[in-house]
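Just below is one structure, and these are the notes that go with it.
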Amino acid sequence: MMPLGRVLRSRALQQLQLRCLSGKAPGDVLPNSCDVLIIGGGGMGASSAFWLTSKTRQQGKKLNVLVVERDHAYTKASTVLSVGGVRQQFSLSENIQMGLHGHDFIVNSQKHLGDVDLCFQPHGYLIMATSKGAEILTQNSKLQNELGARNKLLGPEALRKQFPWLSTDQIELGCYGIEKEGWFDPWALLMGFKKQARSFGAQFANGEVIGFEWDGAGALSGAVVDAGDGNQRTVKFDTCVLAAGAHSGQLASLANIGSTHAKEALLRVPLPVEPRKRYVYVFSTQGKNCPGLATPLTIDPDGTYFRRDGLGGNFLCGRSPCDEEEPNCDTLDVDHGYFDTDIWPTLANRVPCFEAVKVQSSWAGYYEHNTFDANGIIGRHPHYSNLLIAAGFSGHGIQQTPAVGRAISELILEGRFSTLDLSRLSFDRIVKQQPMFEVNIV
């Protein structure tokens, strides 16, 4: 049985695609100018639009916010192709805090977004480590709980007692999130952001940004947009937010960011974000002692993960390949052999009832990989003061959309971070070559 969230998402996608085929793609008319142009209408862009319009509405002001999205049906958008996890099991305080903020927003979504059900499943994460990673897992758990998370450390015997379906072969320690972790419907969150932002006055137009314009002083002043009707239009803006997911690096290059010929040293530093392809497989099993409905999203030390998918006995799973095995990103075709050779052996070893499984379906999505340190880049560009970046979240972006959108709105409206201090995640760390690595986290 397909879970309700996926049914609703499938129907919505079908309706959008039918409207596209009929030549009636949904979207607002592309204006000539706006106060804030947001490039990318996925989770980060829609969240930024929501927070900007929500805050200015509360202040009795009006801000002309325009979101431009090239994939108006979201058929290839990373947001809707993600598995929708939310957790605090990170090693960086910023990621822990954004996870906590994301959880609070998700469980209180109707307060923020109105009549929307995100289908939150509060079953937690279970991250396991061998003896090599146990000390780091312990240190991470201590920091997470100090910042407000709730998880507990379990040794092999305690793991087997709490999760009798689990094999603890070579497992030294597990960290189990007992509160504030789980998963939700990313499509519902995206549509909630978009609907509410629109009701507050934001515009969402279809189009692809293919270039930028500059004023006489060398500042960004407009974006050239191909609206898909054979015409190109320039949209003038005061401020621009780059939130184009996996394609953010390529779009930044259109503003000469990363140009080896740039006179300004700051412009020679590229935005290190590129697409990576990731597979998700949905499988079923007839094995005995099967993980139950309250099973957490479980992550093996080698990075293989799985969780329940709906109420019909299905599970979904995946794993990021190592750098030398990265698949070609030209299409979103799924490599079914990758499941057989790389994922299934780990599943069968870790959960004996997974020795006999049947893949029911699969999909691939783009992962907006930050090649510098695999963490989000949030804040103003050091050369273009009116360009803000929200990109490079490397697989944990969907849960951070509430916090990042709010942070972007604070920088634009207040000139500083006021809820969470995310200044260490700015573009400046790339210029200074000071990476912010996550430790022992997939």
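Numbering starts fresh at 1 for the residues of each chain in the structure tokens, the chains themselves are lettered A, B, ... in the order given, and ligands are numbered from 1 as they appear.
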
Using only C-alpha atoms, which residues of range 63-134 of chain A come within 12 Å of range 157-172 of chain A, and what is the closest atom pair for each, with the distance in Å to one decimal? Give it as a tab-separated table, sorted by chain and residue number.
residue	atom	partner	partner_atom	distance
A:Leu126	CA	A:Leu159	CA	9.7
A:Ile127	CA	A:Ile171	CA	10.5
A:Met128	CA	A:Ile171	CA	6.7
A:Ala129	CA	A:Ile171	CA	5.8
A:Thr130	CA	A:Ile171	CA	4.7
A:Ser131	CA	A:Glu172	CA	5.1
A:Lys132	CA	A:Glu172	CA	8.5
A:Gly133	CA	A:Glu172	CA	8.4
A:Ala134	CA	A:Glu172	CA	6.4

Which residues of range 226-345 of chain A come within 9 Å of range 355-363 of chain A, and what is each one's closest atom pair and distance in Å (one decimal), counting only C-alpha atoms, sorted by chain and residue number, as a Markdown table?
| residue | atom | partner | partner_atom | distance |
| --- | --- | --- | --- | --- |
| A:Arg278 | CA | A:Trp363 | CA | 8.5 |
| A:Tyr279 | CA | A:Trp363 | CA | 5.9 |
| A:Val280 | CA | A:Trp363 | CA | 5.4 |
| A:Tyr281 | CA | A:Ser362 | CA | 4.3 |
| A:Val282 | CA | A:Ser361 | CA | 5.2 |
| A:Phe283 | CA | A:Val359 | CA | 4.1 |
| A:Ser284 | CA | A:Lys358 | CA | 5.4 |
| A:Thr285 | CA | A:Val357 | CA | 4.5 |
| A:Gln286 | CA | A:Ala356 | CA | 7.0 |
| A:Gly287 | CA | A:Ala356 | CA | 6.6 |
| A:Asn314 | CA | A:Gln360 | CA | 8.3 |
| A:Leu316 | CA | A:Ser362 | CA | 8.7 |
| A:Leu332 | CA | A:Trp363 | CA | 7.7 |
| A:Asp333 | CA | A:Trp363 | CA | 7.7 |
| A:Val334 | CA | A:Trp363 | CA | 6.2 |
| A:His336 | CA | A:Ser362 | CA | 8.4 |
| A:Phe339 | CA | A:Val359 | CA | 8.9 |
| A:Trp344 | CA | A:Glu355 | CA | 7.9 |
| A:Pro345 | CA | A:Glu355 | CA | 8.1 |

Write a file of the just-selected residues containing C-alpha atoms, as an mmCIF file, in the first residue's frame.
data_model
loop_
_atom_site.group_PDB
_atom_site.id
_atom_site.type_symbol
_atom_site.label_atom_id
_atom_site.label_comp_id
_atom_site.auth_asym_id
_atom_site.auth_seq_id
_atom_site.Cartn_x
_atom_site.Cartn_y
_atom_site.Cartn_z
ATOM 1 C CA ARG A 278 21.858 9.214 -5.612
ATOM 2 C CA TYR A 279 19.612 6.142 -5.836
ATOM 3 C CA VAL A 280 16.731 5.205 -3.536
ATOM 4 C CA TYR A 281 15.323 1.680 -3.651
ATOM 5 C CA VAL A 282 12.020 0.470 -2.188
ATOM 6 C CA PHE A 283 11.950 -3.210 -1.265
ATOM 7 C CA SER A 284 9.843 -5.780 0.558
ATOM 8 C CA THR A 285 10.771 -8.969 2.400
ATOM 9 C CA GLN A 286 9.049 -12.161 3.434
ATOM 10 C CA GLY A 287 11.655 -12.850 6.101
ATOM 11 C CA ASN A 314 7.921 -1.858 2.412
ATOM 12 C CA LEU A 316 13.389 2.207 1.393
ATOM 13 C CA LEU A 332 18.332 10.241 -13.554
ATOM 14 C CA ASP A 333 18.343 6.622 -14.678
ATOM 15 C CA VAL A 334 18.712 4.128 -11.829
ATOM 16 C CA HIS A 336 19.730 -1.497 -10.414
ATOM 17 C CA PHE A 339 21.546 -2.430 -5.139
ATOM 18 C CA TRP A 344 21.913 -5.679 -0.435
ATOM 19 C CA PRO A 345 24.976 -7.430 1.083
#

> Could you work out how far CA of Glu274 in chain A lies from CA of Ser253 in chain A, giving the answer in Å with one decimal?
Replying inline: 11.7 Å

> If we count only C-alpha atoms, what is near Glu146 in chain A at a cut-off of 12 Å, once residues fewer than 6 positions away on the same chain are taken out, given as a PyMOL selection string?
Replying inline: chain A and resi 88+93+96-97+139-140

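Considering only C-alpha atoms, the residue among A:Pro402, A:Phe354, A:Trp183, A:His72 positioned nearest to Ser109 in chain A is A:Pro402.
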
> as JSON, numbers by chain, which residues of range 46-209 of chain A does DSSP assign to strand (DSSP E)?
Replying inline: {"A": [65, 66, 67, 68, 69, 85, 86, 125, 126, 127, 128, 129, 150, 151, 152, 153, 154, 173, 174, 175, 176, 177, 178, 179, 182, 183, 203, 204, 205, 206, 208, 209]}

>> Can you tell me which residues surround Pro435 in chain A at a distance of at most 12 Å, considering only C-alpha atoms, apart from same-chain residues fewer than 6 positions away, and format the answer as a list of chain:residue names?
In response: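 Once the adjacent positions are removed, what remains is A:Leu92, A:Pro272, A:Asn370, A:Thr371, A:Phe372, A:Asp373, A:Ala374, A:Asn375, A:Gly376, A:Ile377, A:Arg424, A:Leu425, A:Ser426, A:Phe427, A:Asp428, A:Arg429.
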
> From the set A:Ala227, A:Leu37, A:Val107, A:Leu147, which residue has the shortest atom-to-atom contact distance to Leu388 in chain A, counting only C-alpha atoms?
Replying inline: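 Closest to Leu388 in chain A of all the choices is A:Leu37.
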
Could you give me, as a JSON list (two decimals) with all heavy atoms, in the first residue's frame, the residues within 6 Å of Arg268 in chain A, counting only C-alpha atoms and dropping anything in the same chain fewer than 2 positions from it?
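Wrote result_4.json, looks like this:
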[["chain", "number", "residue", "atom", "x", "y", "z"],
["A", 258, "GLY", "N", 34.07, 32.42, -9.67],
["A", 258, "GLY", "CA", 34.94, 31.32, -10.05],
["A", 258, "GLY", "C", 35.68, 31.55, -11.35],
["A", 258, "GLY", "O", 36.40, 30.66, -11.82],
["A", 259, "SER", "N", 35.57, 32.75, -11.92],
["A", 259, "SER", "CA", 36.26, 33.06, -13.18],
["A", 259, "SER", "C", 37.76, 33.25, -12.93],
["A", 259, "SER", "O", 38.16, 34.07, -12.10],
["A", 259, "SER", "CB", 35.69, 34.33, -13.80],
["A", 259, "SER", "OG", 36.47, 34.74, -14.91],
["A", 260, "THR", "N", 38.55, 32.49, -13.63],
["A", 260, "THR", "CA", 40.01, 32.62, -13.49],
["A", 260, "THR", "C", 40.52, 33.93, -14.08],
["A", 260, "THR", "O", 41.65, 34.32, -13.82],
["A", 260, "THR", "CB", 40.72, 31.44, -14.18],
["A", 260, "THR", "OG1", 40.32, 31.39, -15.57],
["A", 260, "THR", "CG2", 40.36, 30.13, -13.50],
["A", 262, "ALA", "N", 38.91, 36.88, -13.61],
["A", 262, "ALA", "CA", 38.37, 38.00, -12.84],
["A", 262, "ALA", "C", 39.51, 38.83, -12.23],
["A", 262, "ALA", "O", 40.51, 38.30, -11.75],
["A", 262, "ALA", "CB", 37.45, 37.49, -11.75],
["A", 265, "ALA", "N", 40.08, 39.22, -6.65],
["A", 265, "ALA", "CA", 40.48, 37.91, -6.13],
["A", 265, "ALA", "C", 39.28, 37.13, -5.60],
["A", 265, "ALA", "O", 39.21, 35.90, -5.75],
["A", 265, "ALA", "CB", 41.53, 38.09, -5.03],
["A", 266, "LEU", "N", 38.32, 37.82, -4.97],
["A", 266, "LEU", "CA", 37.16, 37.14, -4.40],
["A", 266, "LEU", "C", 36.30, 36.47, -5.46],
["A", 266, "LEU", "O", 35.62, 35.48, -5.19],
["A", 266, "LEU", "CB", 36.32, 38.11, -3.58],
["A", 266, "LEU", "CG", 36.96, 38.63, -2.28],
["A", 266, "LEU", "CD1", 36.06, 39.68, -1.64],
["A", 266, "LEU", "CD2", 37.21, 37.47, -1.31]]

>> Residues within 12 Å of Lys55 in chain A, please, as a list of chain:residue names. Count only C-alpha atoms; anything in the same chain fewer than 2 positions from it doesn't count.
In response: A:Ser48, A:Ala49, A:Phe50, A:Trp51, A:Leu52, A:Thr53, A:Arg57, A:Gln58, A:Gln59, A:Gly60, A:Lys61, A:Lys62, A:Leu63, A:His112, A:Ala197, A:Phe200, A:Gly201, A:Gly405, A:Arg406, A:Ala407, A:Ile408, A:Ser409, A:Glu410, A:Ile412, A:Leu413, A:Glu414

>> Env of Ser320 in chain A: 12 Å cut, atoms = only C-alpha atoms, seq-sep filter 3 positions within chain, self excluded. Answer as a PyMOL selection string.
In response: chain A and resi 276-280+299+302-305+317+323-327+338-339+342-343+364-367+369+394-395+441-442

Requested write-out: N, CA and C atoms of the selected residues, as a compact mmCIF listing (two decimals), in the first residue's frame:
# COMPACT_ATOMS: atom_id res chain seq x y z
N ARG A 276 25.36 15.49 -7.76
CA ARG A 276 25.74 14.09 -7.63
C ARG A 276 24.45 13.28 -7.68
N LYS A 277 24.50 12.13 -8.31
CA LYS A 277 23.30 11.31 -8.44
C LYS A 277 23.24 10.28 -7.32
N ARG A 278 22.06 10.17 -6.68
CA ARG A 278 21.86 9.21 -5.61
C ARG A 278 20.62 8.37 -5.92
N TYR A 279 20.71 7.07 -5.59
CA TYR A 279 19.61 6.14 -5.84
C TYR A 279 18.87 5.84 -4.54
N VAL A 280 17.56 5.68 -4.64
CA VAL A 280 16.73 5.21 -3.54
C VAL A 280 15.95 4.00 -4.04
N ILE A 299 21.26 3.46 10.13
CA ILE A 299 22.43 3.70 9.29
C ILE A 299 23.58 2.82 9.74
N ASP A 302 28.93 1.53 7.22
CA ASP A 302 29.40 1.78 5.86
C ASP A 302 28.55 2.79 5.11
N GLY A 303 27.53 3.36 5.77
CA GLY A 303 26.70 4.39 5.16
C GLY A 303 25.39 3.90 4.58
N THR A 304 25.20 2.61 4.49
CA THR A 304 23.92 2.08 4.00
C THR A 304 22.82 2.39 5.01
N TYR A 305 21.69 2.91 4.51
CA TYR A 305 20.58 3.25 5.40
C TYR A 305 19.31 2.58 4.92
N CYS A 317 15.76 2.36 0.98
CA CYS A 317 17.16 2.30 1.36
C CYS A 317 18.03 2.99 0.33
N ASP A 323 33.94 8.40 -3.78
CA ASP A 323 34.22 9.40 -4.82
C ASP A 323 34.56 8.75 -6.16
N GLU A 324 35.37 7.70 -6.14
CA GLU A 324 35.80 7.10 -7.40
C GLU A 324 34.70 6.29 -8.09
N GLU A 325 33.56 6.12 -7.41
CA GLU A 325 32.45 5.36 -7.99
C GLU A 325 31.24 6.24 -8.30
N GLU A 326 31.42 7.55 -8.27
CA GLU A 326 30.30 8.45 -8.54
C GLU A 326 29.70 8.18 -9.92
N PRO A 327 28.39 7.99 -10.01
CA PRO A 327 27.77 7.73 -11.32
C PRO A 327 27.65 8.99 -12.17
N TYR A 338 23.58 -1.61 -8.68
CA TYR A 338 24.20 -1.05 -7.48
C TYR A 338 23.54 -1.60 -6.22
N PHE A 339 22.24 -1.83 -6.28
CA PHE A 339 21.55 -2.43 -5.14
C PHE A 339 22.08 -3.83 -4.87
N ASP A 342 26.20 -3.50 -3.93
CA ASP A 342 26.71 -2.61 -2.89
C ASP A 342 25.80 -2.44 -1.68
N ILE A 343 24.49 -2.55 -1.89
CA ILE A 343 23.56 -2.27 -0.79
C ILE A 343 23.01 -3.55 -0.16
N ALA A 364 15.97 8.03 -8.69
CA ALA A 364 17.24 8.73 -8.50
C ALA A 364 16.96 10.22 -8.38
N GLY A 365 17.80 10.89 -7.64
CA GLY A 365 17.67 12.33 -7.47
C GLY A 365 19.03 12.98 -7.41
N TYR A 366 19.05 14.29 -7.62
CA TYR A 366 20.30 15.03 -7.55
C TYR A 366 20.58 15.46 -6.12
N TYR A 367 21.82 15.31 -5.76
CA TYR A 367 22.33 15.61 -4.42
C TYR A 367 23.23 16.83 -4.62
N HIS A 369 26.00 18.57 -3.93
CA HIS A 369 27.22 18.28 -3.18
C HIS A 369 28.15 19.48 -3.12
N SER A 394 24.41 19.03 0.67
CA SER A 394 25.01 17.70 0.60
C SER A 394 24.21 16.60 1.30
N GLY A 395 22.90 16.59 1.04
CA GLY A 395 22.08 15.49 1.52
C GLY A 395 21.28 15.75 2.77
N ILE A 441 29.73 11.19 10.21
CA ILE A 441 28.32 11.32 9.86
C ILE A 441 28.19 11.09 8.37
N VAL A 442 27.23 10.24 7.97
CA VAL A 442 27.02 9.99 6.54
C VAL A 442 26.11 11.05 5.95

>> What does the structure give for the distance between CA of Glu181 in chain A and CA of Ser141 in chain A, in Å to one decimal?
In response: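 Here the two named atoms are 13.7 Å from each other.
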